[in-house]
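Visitor: My questions all concern the structure below.
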Amino acid sequence: LRSYLRDESSRLRRLRRFYEKVQALHQDPKASVDNPLLAFSLIKRLHSDWPNVIYSDEAARNTQALHAGLREVEQEQELPGAEDLDGAARALMRLQDVYALSVKGLANGLFQRAGHPPLYSPGRRVPLSADDCFHVGKVAYDTGDYYHSIAWLEEAVSLFRLSYGSWNLEDRSSLEDALDHLAFSYFMAGNISHALSLSREFLRYADPSNQRVSRNVAKYKKLLEMGTGASASPLQRPNSTRLQSRDAYEELCQRPRGQVGLAGVPWSPPLLPPPHALLGSLSPQPAPEQLLHLSCSYETNSSPYLLLQPAKKEMVWIQPYVALYHDFITDAEAETIKGLAGPWLQRSVVASGEKQQKAEYRISKSAWLKDTADPAVRALERRIAAVTGLDLRPPYAEYLQVVNYGLGGHYEPHFDHATSMKSPLYRMKSGNRIATIMIYLSAVEAGGSTAFIYANFSVPVVKNAALFWWNLRRNGNGDGDTLHAGCPVLAGDKWVANKWIHEHGQEFRRPCSADPQD
């Protein structure tokens, strides 16, 4: 595009020079066609030079070069496709829902809930155009999601009305398109009177001869005369993934970050009993007897590997047992692991019965790394084994999974351990997942917290830290309190590395308790 603009600018400059030359000859009061040289110049310019300029194929060559460049980029898959664009639109709707953001605010480049401070304040505000809002609404419209289509198409109509009569080269939609889709959305939502009003506006300002919309107007009038759709009930937000714990999950994602132990704040063991560091300020305070066990400490775990550089452990929660290890990896190690995984990233899948498949409730890309991939991976595996005290040798643990959560990337509430004996996890012949360690390879500007639904707390992203929890109780049963979720990334690029450790091989490292209920 830069090359095309340069060539076209050069062509237009030459065209302007020719115009100014001819104009000067015509308008010079001292010039006389009695001068044979002037007469020849005028005749030549009007007969020969002017057609040469008009029929020059330079503009066509420039356009062909632009088209060829676009095809070349498309063949190399460097441009987003239709699936990417629709996915980005769904991501905006996901952020709108989970963080209770207003569509009008998002269209104005603001990330704010009513009555609350902004969740995120970008350095540069980027408002959306009417065409942008139309596309988001159209994605919802095409899937029959009229709850979202109405909100976004309303904003598109409002913005198109403000700029009516002007035209942007890049726009693919218009006020007419927005009115048409919005009217039908209201009709499908049961609000016939508003559908009629918008259809009339379409006929008045856009296309009075449109037969389809005219028939719709007649239909809406008849329905209203029959008393249908006079008063519409409020639209209910769709729950496409049938998430039962949606309200609790979203409330945890909306909680403000804690003030201690966040990314960028140096970790230090406290001199006084520490506050409940990482939890949002709305989190329920632990019981007094639990508070005694919430602490920060240096841990060697009786491992020679940690003698010279103990792990910086922060107890986050007691039941379920959740601990955060600060400065678990270095910046260089994190970049190495991201670089190794990057070329192999693919859309993440989830277990569905005996199979694995893509799902809307998990939007991310992931790759798997063996410990032989790089010395950095091997060193990280040794560190995990030292901190957890567990056996990570195959087949007692899965390969390191590296996950990238981009725009609106999330993972709705789920268990890491298998809840069915038919789960693909049992193919390893090493039992269920006894523990999870999740390493934050990057920081994010907003969102992306790990929310524990039933335990009612969330942990924000802490760059280079590792979050550890037990998935199974000592009796081998799954711990229901470990239901957790990855909140959508509101701003930033979230990278994590997951290590799932299985129960076989850990019999003497985490033995059963004398209490069968433990």
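How things are named: the first chain in the structure tokens is A, the next is B, and so on; residues count from 1 in each chain; ligands count from 1 in the order shown.
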Residues near range 483-493 of chain A, anyone? I mean within 9 Å using only C-alpha atoms, not counting same-chain ones fewer than 6 positions away, as JSON, numbers by chain.
Guide: {"A": [91, 94, 95, 98, 99, 111, 119, 120, 122, 249, 250, 252, 253, 362, 363, 404, 405, 406, 407, 408, 409, 410, 411, 412, 413, 414, 415, 416, 442, 443, 444, 445, 446, 447, 448, 449, 450, 451, 452, 453, 454, 455, 458]}
Visitor: Env of range 316-331 of chain A: 6 Å cut, atoms = only C-alpha atoms, seq-sep filter 4 positions within chain, self excluded. Answer as a list of chain:residue names.
Guide: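 Returned residues: A:Lys312, A:Asn464, A:Ala465, A:Ala466, A:Leu467, A:Phe468, A:Trp469, A:Asp481.
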Visitor: I want to know what sits within 9 Å of Asp86 in chain A, based on only C-alpha atoms, with residues of the same chain fewer than 3 positions away left out; could you give that as a short mmCIF file (atom, residue, chain, number, x, y, z; two decimals) with N, CA, C and O atoms, in the first residue's frame?
Guide:
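The resulting out.cif:
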```
data_model
loop_
_atom_site.label_atom_id
_atom_site.label_comp_id
_atom_site.auth_asym_id
_atom_site.auth_seq_id
_atom_site.Cartn_x
_atom_site.Cartn_y
_atom_site.Cartn_z
N GLY A 81 -7.83 -13.78 8.19
CA GLY A 81 -8.92 -14.25 7.34
C GLY A 81 -10.26 -13.91 7.94
O GLY A 81 -10.36 -13.27 9.00
N ALA A 82 -11.32 -14.37 7.27
CA ALA A 82 -12.68 -14.10 7.75
C ALA A 82 -12.91 -14.72 9.12
O ALA A 82 -13.58 -14.13 9.98
N GLU A 83 -12.33 -15.90 9.35
CA GLU A 83 -12.49 -16.56 10.65
C GLU A 83 -11.83 -15.74 11.76
O GLU A 83 -12.36 -15.63 12.86
N ALA A 89 -14.51 -10.27 16.59
CA ALA A 89 -15.82 -9.69 16.94
C ALA A 89 -16.42 -10.42 18.13
O ALA A 89 -16.96 -9.80 19.06
N ARG A 90 -16.34 -11.76 18.12
CA ARG A 90 -16.86 -12.53 19.26
C ARG A 90 -16.07 -12.23 20.53
O ARG A 90 -16.63 -12.23 21.63
N ALA A 91 -14.77 -11.96 20.37
CA ALA A 91 -13.95 -11.61 21.54
C ALA A 91 -14.42 -10.30 22.17
O ALA A 91 -14.48 -10.17 23.39
N HIS A 135 -20.12 -4.61 11.87
CA HIS A 135 -19.59 -5.96 11.67
C HIS A 135 -19.76 -6.80 12.93
O HIS A 135 -20.12 -7.98 12.85
N VAL A 136 -19.49 -6.22 14.09
CA VAL A 136 -19.66 -6.99 15.34
C VAL A 136 -21.13 -7.41 15.48
O VAL A 136 -21.44 -8.56 15.79
N VAL A 139 -22.03 -10.27 13.07
CA VAL A 139 -21.57 -11.59 13.52
C VAL A 139 -22.58 -12.20 14.49
O VAL A 139 -22.93 -13.38 14.40
#
```
Visitor: May I ask which of the residues A:Gly190, A:Gly144, A:Pro127, A:Pro80 is the closest one to Leu159 in chain A, counting only C-alpha atoms?
Guide: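 Ranked by minimum distance to Leu159 in chain A, first place goes to A:Pro127.
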Visitor: If I take CA of Thr336 in chain A and CA of Gly87 in chain A, how far is one from the other in Å, to one decimal?
Guide: 28.3 Å
Visitor: What does the distance between CA of Phe184 in chain A and CA of Ser158 in chain A come to in Å, to one decimal place?
Guide: 16.7 Å
Visitor: Please identify all polymer residues within 12 Å of Leu15 in chain A, counting only C-alpha atoms, omitting same-chain residues fewer than 4 positions from it, and present them as a PDB file with C-alpha atoms, in the first residue's frame.
Guide:
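Result file follows (around-v3.pdb):
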```pdb
ATOM      1  CA  GLU A   8       0.116   7.255  -7.442  1.00  0.00           C
ATOM      2  CA  SER A   9       1.346  10.460  -5.784  1.00  0.00           C
ATOM      3  CA  SER A  10       4.130  10.683  -8.346  1.00  0.00           C
ATOM      4  CA  ARG A  11       1.655  10.114 -11.204  1.00  0.00           C
ATOM      5  CA  TYR A  19      -2.631  20.691 -16.227  1.00  0.00           C
ATOM      6  CA  GLU A  20      -0.814  23.779 -14.966  1.00  0.00           C
ATOM      7  CA  LYS A  21       1.216  23.991 -18.188  1.00  0.00           C
ATOM      8  CA  VAL A  22      -1.899  23.889 -20.397  1.00  0.00           C
ATOM      9  CA  ASP A  49      -0.644  15.080 -25.233  1.00  0.00           C
ATOM     10  CA  TRP A  50      -4.050  15.246 -23.523  1.00  0.00           C
ATOM     11  CA  ASN A  52      -1.928  10.328 -23.924  1.00  0.00           C
ATOM     12  CA  VAL A  53      -2.443  11.501 -20.366  1.00  0.00           C
ATOM     13  CA  ILE A  54      -6.086  10.415 -20.244  1.00  0.00           C
ATOM     14  CA  SER A  56      -2.166   6.334 -19.901  1.00  0.00           C
ATOM     15  CA  GLU A  58       0.210   4.031 -15.558  1.00  0.00           C
ATOM     16  CA  ALA A  59      -2.747   4.136 -13.155  1.00  0.00           C
TER      17      ALA A  59
END
```
